[in-house]
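*Asks:* Handing you this structure, nothing more for now.
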Amino acid sequence: MMTIIACVDRNWGIGCNGDLLFDIPQDMEHFKKQTAGKTVVMGRRTFDSLRVRPLPNRRNIVLTKNRSFEYNGVEVAHSISELLALTNNEEREVFVIGGSQVYARLLKYCDKAIITRVDAAVNADSYITSFDDLPEWKVLSVSERFEHKGLFYNFTTYIKDVH
Ligand SMILES: NC(=O)c1ccc[n+]([C@@H]2O[C@H](COP(=O)([O-])OP(=O)(O)OC[C@H]3O[C@@H](n4cnc5c(N)ncnc54)[C@H](OP(=O)(O)O)[C@@H]3O)[C@@H](O)[C@H]2O)c1
């Protein structure tokens, strides 16, 4: 099973024009801390948007249908089944780090979601499903409320409750 990690606005927006919605250094630190030493899976568009690629100190897997895509330090999966074959025996936690397409495709293989919930509504063109509206998913924990330059946010962890 994999873990989703994402930062969302009040409407579960995650991106606009190929970029993130927020620049919150503490959230970046949180992301780094959670995923350090682990495996990260991302769509090709999200990979293209990274300022540093591949993400250092992590096993990077990029999903793309493009057979000629290659990048030093990156493993490539051309389909979900190729991805599952690559991560099948992975003992480290596998994080799905976006974007919108990849969150949607991989949701059914995930049982945990670590969501940075920013209490603001901004312009977005990419979304992740609202975990509050998925009957099988429950809130496991909610962090305290943090603030960065007038933006309030918390870290909410959801788990898939199969019972
Ligand atoms: N807020 C957050 O936490 C967060 C995190 C990550 C990203 N984002 C944002 O999300 C947006 C990007 O999301 P997106 O949906 O446009 O793109 P994406 O999910 O990052 O990448 C989509 C690409 O992944 C590949 N892909 C998807 N499904 C595949 C499959 N089944 N098999 C093989 N390849 C597959 C395709 O690549 P090819 O076209 O190369 O075939 C597709 O074009 C950006 O705005 C980004 O900043 C936000």
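Ligands are numbered from 1 in the order shown, chains are lettered A, B, ... in the order of the structure tokens, and residues start at 1 in each chain.
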Go through chain A and flag each residue having an atom no more than 8 Å from ligand 1; for those, report the closest pair of atoms plus their distance in Å to one decimal, using only C-alpha atoms and all ligand atoms, ordered by chain and rising number, as CSV.

*Replies:*
```
residue,atom,partner,partner_atom_place_in_ligand_line,distance
A:Ile5,CA,ligand 1,3 (O),6.4
A:Ala6,CA,ligand 1,3 (O),3.3
A:Cys7,CA,ligand 1,3 (O),3.9
A:Val8,CA,ligand 1,1 (N),5.5
A:Gly13,CA,ligand 1,1 (N),7.2
A:Ile14,CA,ligand 1,1 (N),3.7
A:Gly15,CA,ligand 1,45 (O),3.5
A:Cys16,CA,ligand 1,45 (O),4.7
A:Asn17,CA,ligand 1,45 (O),5.6
A:Gly18,CA,ligand 1,45 (O),3.4
A:Asp19,CA,ligand 1,47 (O),3.5
A:Leu20,CA,ligand 1,47 (O),3.9
A:Leu21,CA,ligand 1,1 (N),6.5
A:Phe22,CA,ligand 1,1 (N),7.8
A:Met42,CA,ligand 1,20 (O),6.0
A:Gly43,CA,ligand 1,21 (O),3.4
A:Arg44,CA,ligand 1,24 (O),4.5
A:Arg45,CA,ligand 1,21 (O),4.0
A:Thr46,CA,ligand 1,20 (O),3.7
A:Phe47,CA,ligand 1,20 (O),6.6
A:Ser49,CA,ligand 1,47 (O),6.4
A:Val62,CA,ligand 1,24 (O),7.6
A:Leu63,CA,ligand 1,34 (N),4.2
A:Thr64,CA,ligand 1,34 (N),3.4
A:Lys65,CA,ligand 1,41 (O),3.6
A:Asn66,CA,ligand 1,41 (O),5.0
A:Phe69,CA,ligand 1,40 (O),7.6
A:Ala77,CA,ligand 1,33 (C),6.5
A:His78,CA,ligand 1,33 (C),4.4
A:Ser79,CA,ligand 1,32 (N),3.6
A:Ile80,CA,ligand 1,31 (N),5.1
A:Ile97,CA,ligand 1,6 (C),5.4
A:Gly98,CA,ligand 1,6 (C),3.7
A:Gly99,CA,ligand 1,13 (O),3.5
A:Ser100,CA,ligand 1,15 (O),3.5
A:Gln101,CA,ligand 1,19 (O),3.8
A:Val102,CA,ligand 1,19 (O),4.2
A:Tyr103,CA,ligand 1,19 (O),6.7
A:Arg105,CA,ligand 1,28 (N),6.5
A:Ile115,CA,ligand 1,3 (O),8.0
A:Thr116,CA,ligand 1,3 (O),7.9
A:Asp125,CA,ligand 1,45 (O),7.3
A:Ser126,CA,ligand 1,11 (C),5.6
A:Tyr127,CA,ligand 1,10 (O),7.5
```

*Asks:* Quick one: pick out all strand (DSSP E or B) residues within segment 25-64 of chain A from a backbone DSSP run and write them as a list in words.

*Replies:*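 DSSP-assigned strand (DSSP E or B) residues in segment 25-64 of chain A: Thr39, Val40, Val41, Met42, Gly43, Arg59, Asn60, Ile61, Val62 and Leu63 of chain A.
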
*Asks:* Any chance you can output those residues with C-alpha atoms as a CSV table (one decimal), in the first residue's frame?

*Replies:*
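Full text of result05.csv as output:
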```csv
chain,number,residue,atom,x,y,z
A,39,THR,CA,10.3,6.1,-2.5
A,40,VAL,CA,8.4,8.9,-4.3
A,41,VAL,CA,6.1,8.3,-7.3
A,42,MET,CA,5.1,11.2,-9.4
A,43,GLY,CA,3.6,12.0,-12.8
A,59,ARG,CA,14.1,6.7,-4.8
A,60,ASN,CA,12.4,8.6,-7.6
A,61,ILE,CA,9.9,6.9,-9.9
A,62,VAL,CA,8.2,8.9,-12.7
A,63,LEU,CA,5.1,7.7,-14.5
```

*Asks:* So which one's closest to Ala104 of chain A, A:Pro54, A:Ile4, A:Ala36, A:Arg92? Using only C-alpha atoms, please.

*Replies:*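 Ranking A:Pro54, A:Ile4, A:Ala36, A:Arg92 by distance to Ala104 of chain A, first place goes to A:Ile4.
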
*Asks:* Mind pulling up the distance from atom CA of Val96 of chain A to atom CA of Met28 of chain A?

*Replies:*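 According to the coordinates, atom CA of Met28 of chain A and atom CA of Val96 of chain A are separated by 15.3 Å.
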
*Asks:* With distances taken over only C-alpha atoms, which residue among A:Asn123, A:Arg53, A:Asp161, A:Arg117 lies nearest Ser143 of chain A?

*Replies:* A:Arg117
